[in-house]
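Participant: Submitted below is the structure of interest, expressed as structure tokens.
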Amino acid sequence: MSAVDNRQSERGPVESSPAEALGQSEAFLQFQERLSRVAGVDRPVLILGERGTGKEMAASRLHYLSARWDQPFVALNCAALSPSLIESELFGHEAGAFTGATGRRIGRFEAADGGTLFLDEIGNIPMEAQEKILRVVEYGSFERVGASTPVQVDVRIVAATNANLPVLAAEGRFKSDLLDRLSFEVLYLPPLRKRRDDVMLLANHFAARMAFELGWDSVPEFSDGAIEALESFGWPGNVRELKNVVERAVYRADGGVISGIIFDPFRSPYQLSAPEDSSNVPASSVGDAVQTRDRSFKDAVKEYELALVSEALESARYNQREAAVLLGLSYHQFRGLYRKYQDALGGAP
């Protein structure tokens with residue numbers, strides 16, 4: 001165990017999400033090993049991952065495994081603020097700096113002095129603020145909005161995004177110099193579809209917590225059908241989506257057994273069934289598409305492709321980029337298939 005691990009053990013458990021370090025899959029364990037290794041190196045880190053994979057939880061764990069563990073951990077979701085407010089939120093402002101600024105206010109950098117500042121969705125930060133962040137990274141100083149006196153801070157930056165920062169930099173929407181400075185290490189959070197061994201481990205964990213929250217004496221068990229459904233789903237929303245699905249299933253459980261899993265709560269129970277049409281194979285019949293023998297090879301391939309596209313769209317809640325990921329295709333490859341079967345799918349271009 002490393003020195004930072006020892007310090008964490010001595011001070012007790014870190015209060016965070018229950019799924020912070022819960023997993024046994026190879027992908028999950030490899031990520032945790034890389035995170036633990038870089039935690040002890042006092043340099044900026046980028047955490048990349050899809051929505052719902054737990055980027056802030058990973059950043060928090062990195063902080064508490066570092067030598068800064070007893071100093072502040074300050075988080076800011078850059079996507080939640082308008083561009084005009086981000087600079088003031090990060091660096092603070094002086095009284096009278098703008099309309100409504102009645103007094104001095106310190107920003108997140110000052111609040112995190114000595115500790116870690118986590119910038120989520122850093123790709124949303126405007127270029128003007130990126131200039132000031134770069135100066136903090138290089139010189140440890142900045143000026144509050146409306147001030148001319150520099151403020152010195154000692155802050156480790158951990159940033160996260162699901163955007164492609166190198167592409168943004170190539171397009172002139174993200175400073176290349178800042179990207180270079182922030183990417184001492186780049187950690188990729190594995191999506192839940194790459195952590196199949198963790199699905200039921202997490203599901204049982206969330207089920208137990210939900211049962212406790214409801215005041216139940218026992219935890220409902222998952223039926224074989226429910227387990228198969230959970231393990232075979234694509235999870236475009238990752239761990240966050242799994243948590244919601246499991247909690248919904250637990251509170252609706254009847255007789256202590258979870259037999260029905262509702263992945264899409266927005267699907268109307270009154271929706272009309274689609275008429276039978278050999279050109280539109282439902283997602284549940286993917287296997288049937290390759291078992292029929294009374295059609296040509298070309299027609300069988302067409303039906304199988306259509307079924308796969310339809311199933312991926314349904315699993316991804318009709319987000320085409322996520323459906324492409326589920327099928328292991330690039331977005332442009334998926335768009336080509338989508339256009340090919342657009343009439344059968346009944347979707348907009």
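Residue numbering restarts at 1 in every chain; chains get A, B, ... in the order shown in the structure tokens, and ligands count up from 1 in that same order.
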Report the residues of region 29-176 of chain A whose backbone DSSP state falls under helix (DSSP H, G or I), written as a ChimeraX atom specification.

Facilitator: /A:29-39,55-64,78-80,83-91,108-111,122-124,127-139,165-170,176

Participant: Quick one: DSSP strand (DSSP E) residues in region 110-187 of chain A, as a list in words?

Facilitator: Thr116, Leu117, Phe118, Leu119, Asp120, Ser141, Phe142, Glu143, Pro150, Val151, Gln152, Arg156, Ile157, Val158, Ala159, Ala160, Thr161, Glu185, Val186 and Leu187 of chain A

Participant: Could you give me, as a list in words, the residues within 12 Å of Glu241 (chain A), counting only C-alpha atoms and dropping anything in the same chain fewer than 4 positions from it?

Facilitator: Glu50, Arg51, Gly52, Thr53, Gly54, Pro191, Leu192, Arg193, Val199, Leu202, Ala203, Phe206, Leu230, Phe233, Gly234, Trp235, Pro236, Gly237, Val245, Val246, Glu247, Arg248, Ile262, Phe263, Asp264, Pro265, Ser315, Ala316 and Arg317 of chain A

Participant: Please dump the current selection as a PDB file, in the first residue's frame; keep N, CA and C atoms.

Facilitator:
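So the final result, stored in selection-v7.pdb, reads:
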```
ATOM      1  N   GLU A  50     -17.783   8.823 -20.853  1.00  0.00           N
ATOM      2  CA  GLU A  50     -19.143   9.100 -21.271  1.00  0.00           C
ATOM      3  C   GLU A  50     -19.960   9.592 -20.078  1.00  0.00           C
ATOM      4  N   ARG A  51     -21.141  10.118 -20.370  1.00  0.00           N
ATOM      5  CA  ARG A  51     -22.010  10.593 -19.299  1.00  0.00           C
ATOM      6  C   ARG A  51     -22.402   9.418 -18.405  1.00  0.00           C
ATOM      7  N   GLY A  52     -22.454   9.693 -17.111  1.00  0.00           N
ATOM      8  CA  GLY A  52     -22.889   8.678 -16.167  1.00  0.00           C
ATOM      9  C   GLY A  52     -21.837   7.698 -15.730  1.00  0.00           C
ATOM     10  N   THR A  53     -20.585   7.894 -16.143  1.00  0.00           N
ATOM     11  CA  THR A  53     -19.531   6.938 -15.765  1.00  0.00           C
ATOM     12  C   THR A  53     -18.895   7.275 -14.419  1.00  0.00           C
ATOM     13  N   GLY A  54     -19.152   8.467 -13.886  1.00  0.00           N
ATOM     14  CA  GLY A  54     -18.630   8.810 -12.562  1.00  0.00           C
ATOM     15  C   GLY A  54     -17.344   9.596 -12.590  1.00  0.00           C
ATOM     16  N   PRO A 191     -16.767   2.610 -19.924  1.00  0.00           N
ATOM     17  CA  PRO A 191     -18.238   2.606 -19.877  1.00  0.00           C
ATOM     18  C   PRO A 191     -18.742   1.297 -19.299  1.00  0.00           C
ATOM     19  N   LEU A 192     -19.968   1.294 -18.830  1.00  0.00           N
ATOM     20  CA  LEU A 192     -20.507   0.111 -18.160  1.00  0.00           C
ATOM     21  C   LEU A 192     -20.618  -1.079 -19.099  1.00  0.00           C
ATOM     22  N   ARG A 193     -20.794  -0.850 -20.394  1.00  0.00           N
ATOM     23  CA  ARG A 193     -20.884  -1.979 -21.338  1.00  0.00           C
ATOM     24  C   ARG A 193     -19.562  -2.730 -21.445  1.00  0.00           C
ATOM     25  N   VAL A 199     -22.007  -5.367 -13.537  1.00  0.00           N
ATOM     26  CA  VAL A 199     -23.408  -4.941 -13.627  1.00  0.00           C
ATOM     27  C   VAL A 199     -24.225  -5.447 -12.441  1.00  0.00           C
ATOM     28  N   LEU A 202     -23.082  -4.018  -8.993  1.00  0.00           N
ATOM     29  CA  LEU A 202     -23.644  -2.689  -8.780  1.00  0.00           C
ATOM     30  C   LEU A 202     -25.151  -2.745  -8.572  1.00  0.00           C
ATOM     31  N   ALA A 203     -25.830  -3.572  -9.358  1.00  0.00           N
ATOM     32  CA  ALA A 203     -27.285  -3.659  -9.248  1.00  0.00           C
ATOM     33  C   ALA A 203     -27.709  -4.112  -7.855  1.00  0.00           C
ATOM     34  N   PHE A 206     -27.132  -1.203  -5.399  1.00  0.00           N
ATOM     35  CA  PHE A 206     -28.164  -0.168  -5.482  1.00  0.00           C
ATOM     36  C   PHE A 206     -29.499  -0.678  -4.945  1.00  0.00           C
ATOM     37  N   LEU A 230     -30.639  -7.120 -17.464  1.00  0.00           N
ATOM     38  CA  LEU A 230     -29.672  -6.135 -16.987  1.00  0.00           C
ATOM     39  C   LEU A 230     -28.298  -6.360 -17.615  1.00  0.00           C
ATOM     40  N   PHE A 233     -28.194  -5.406 -21.528  1.00  0.00           N
ATOM     41  CA  PHE A 233     -28.544  -4.048 -21.957  1.00  0.00           C
ATOM     42  C   PHE A 233     -27.285  -3.252 -22.286  1.00  0.00           C
ATOM     43  N   GLY A 234     -27.408  -2.277 -23.176  1.00  0.00           N
ATOM     44  CA  GLY A 234     -26.247  -1.510 -23.635  1.00  0.00           C
ATOM     45  C   GLY A 234     -25.804  -0.407 -22.698  1.00  0.00           C
ATOM     46  N   TRP A 235     -26.660   0.072 -21.792  1.00  0.00           N
ATOM     47  CA  TRP A 235     -26.352   1.101 -20.805  1.00  0.00           C
ATOM     48  C   TRP A 235     -25.704   2.350 -21.400  1.00  0.00           C
ATOM     49  N   PRO A 236     -26.407   3.052 -22.279  1.00  0.00           N
ATOM     50  CA  PRO A 236     -25.857   4.309 -22.809  1.00  0.00           C
ATOM     51  C   PRO A 236     -25.666   5.369 -21.725  1.00  0.00           C
ATOM     52  N   GLY A 237     -26.456   5.280 -20.640  1.00  0.00           N
ATOM     53  CA  GLY A 237     -26.309   6.221 -19.530  1.00  0.00           C
ATOM     54  C   GLY A 237     -25.394   5.730 -18.433  1.00  0.00           C
ATOM     55  N   VAL A 245     -32.532   2.654 -13.008  1.00  0.00           N
ATOM     56  CA  VAL A 245     -33.321   1.495 -13.422  1.00  0.00           C
ATOM     57  C   VAL A 245     -33.534   0.547 -12.242  1.00  0.00           C
ATOM     58  N   VAL A 246     -32.489   0.284 -11.472  1.00  0.00           N
ATOM     59  CA  VAL A 246     -32.585  -0.643 -10.346  1.00  0.00           C
ATOM     60  C   VAL A 246     -33.482  -0.071  -9.254  1.00  0.00           C
ATOM     61  N   GLU A 247     -33.308   1.183  -8.921  1.00  0.00           N
ATOM     62  CA  GLU A 247     -34.149   1.780  -7.876  1.00  0.00           C
ATOM     63  C   GLU A 247     -35.622   1.740  -8.273  1.00  0.00           C
ATOM     64  N   ARG A 248     -35.911   1.989  -9.543  1.00  0.00           N
ATOM     65  CA  ARG A 248     -37.297   1.927 -10.022  1.00  0.00           C
ATOM     66  C   ARG A 248     -37.838   0.507  -9.899  1.00  0.00           C
ATOM     67  N   ILE A 262     -37.805  -2.039 -16.283  1.00  0.00           N
ATOM     68  CA  ILE A 262     -38.254  -0.971 -17.179  1.00  0.00           C
ATOM     69  C   ILE A 262     -37.061  -0.078 -17.481  1.00  0.00           C
ATOM     70  N   PHE A 263     -36.569  -0.166 -18.704  1.00  0.00           N
ATOM     71  CA  PHE A 263     -35.426   0.652 -19.101  1.00  0.00           C
ATOM     72  C   PHE A 263     -35.859   2.050 -19.544  1.00  0.00           C
ATOM     73  N   ASP A 264     -37.023   2.144 -20.145  1.00  0.00           N
ATOM     74  CA  ASP A 264     -37.494   3.428 -20.662  1.00  0.00           C
ATOM     75  C   ASP A 264     -38.822   3.789 -20.000  1.00  0.00           C
ATOM     76  N   PRO A 265     -38.797   4.626 -18.949  1.00  0.00           N
ATOM     77  CA  PRO A 265     -40.042   4.976 -18.259  1.00  0.00           C
ATOM     78  C   PRO A 265     -40.961   5.860 -19.092  1.00  0.00           C
ATOM     79  N   SER A 315     -32.064   0.905 -27.442  1.00  0.00           N
ATOM     80  CA  SER A 315     -31.224   0.842 -26.240  1.00  0.00           C
ATOM     81  C   SER A 315     -30.606   2.194 -25.914  1.00  0.00           C
ATOM     82  N   ALA A 316     -30.282   2.970 -26.956  1.00  0.00           N
ATOM     83  CA  ALA A 316     -29.662   4.284 -26.770  1.00  0.00           C
ATOM     84  C   ALA A 316     -30.686   5.401 -26.684  1.00  0.00           C
ATOM     85  N   ARG A 317     -31.976   5.009 -26.569  1.00  0.00           N
ATOM     86  CA  ARG A 317     -33.048   6.005 -26.497  1.00  0.00           C
ATOM     87  C   ARG A 317     -33.006   6.961 -27.678  1.00  0.00           C
TER      88      ARG A 317
END
```

Participant: Pick from A:Ile227, A:Glu171, A:Ala211, A:Lys55: nearest to Asp197 (chain A), with only C-alpha atoms counted?

Facilitator: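 Smallest separation from Asp197 (chain A) among the options: A:Ile227.
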
Participant: Just the number, please: distance in Å from CA of Glu231 (chain A) to CA of Arg267 (chain A), one decimal.

Facilitator: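 One can read the CA of Glu231 (chain A) to CA of Arg267 (chain A) distance as 20.8 Å.
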
Participant: What gap, in Å, lies between CA of Glu221 (chain A) and CA of Ile258 (chain A)?

Facilitator: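 Here the two named atoms are 5.8 Å from each other.
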
Participant: Can you work out which one of A:Ala75, A:Ala324, A:Leu214, A:Leu65 has the shortest atom-to-atom distance to Val41 (chain A), counting only C-alpha atoms?

Facilitator: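 For Val41 (chain A), the nearest of the candidates is A:Leu65.
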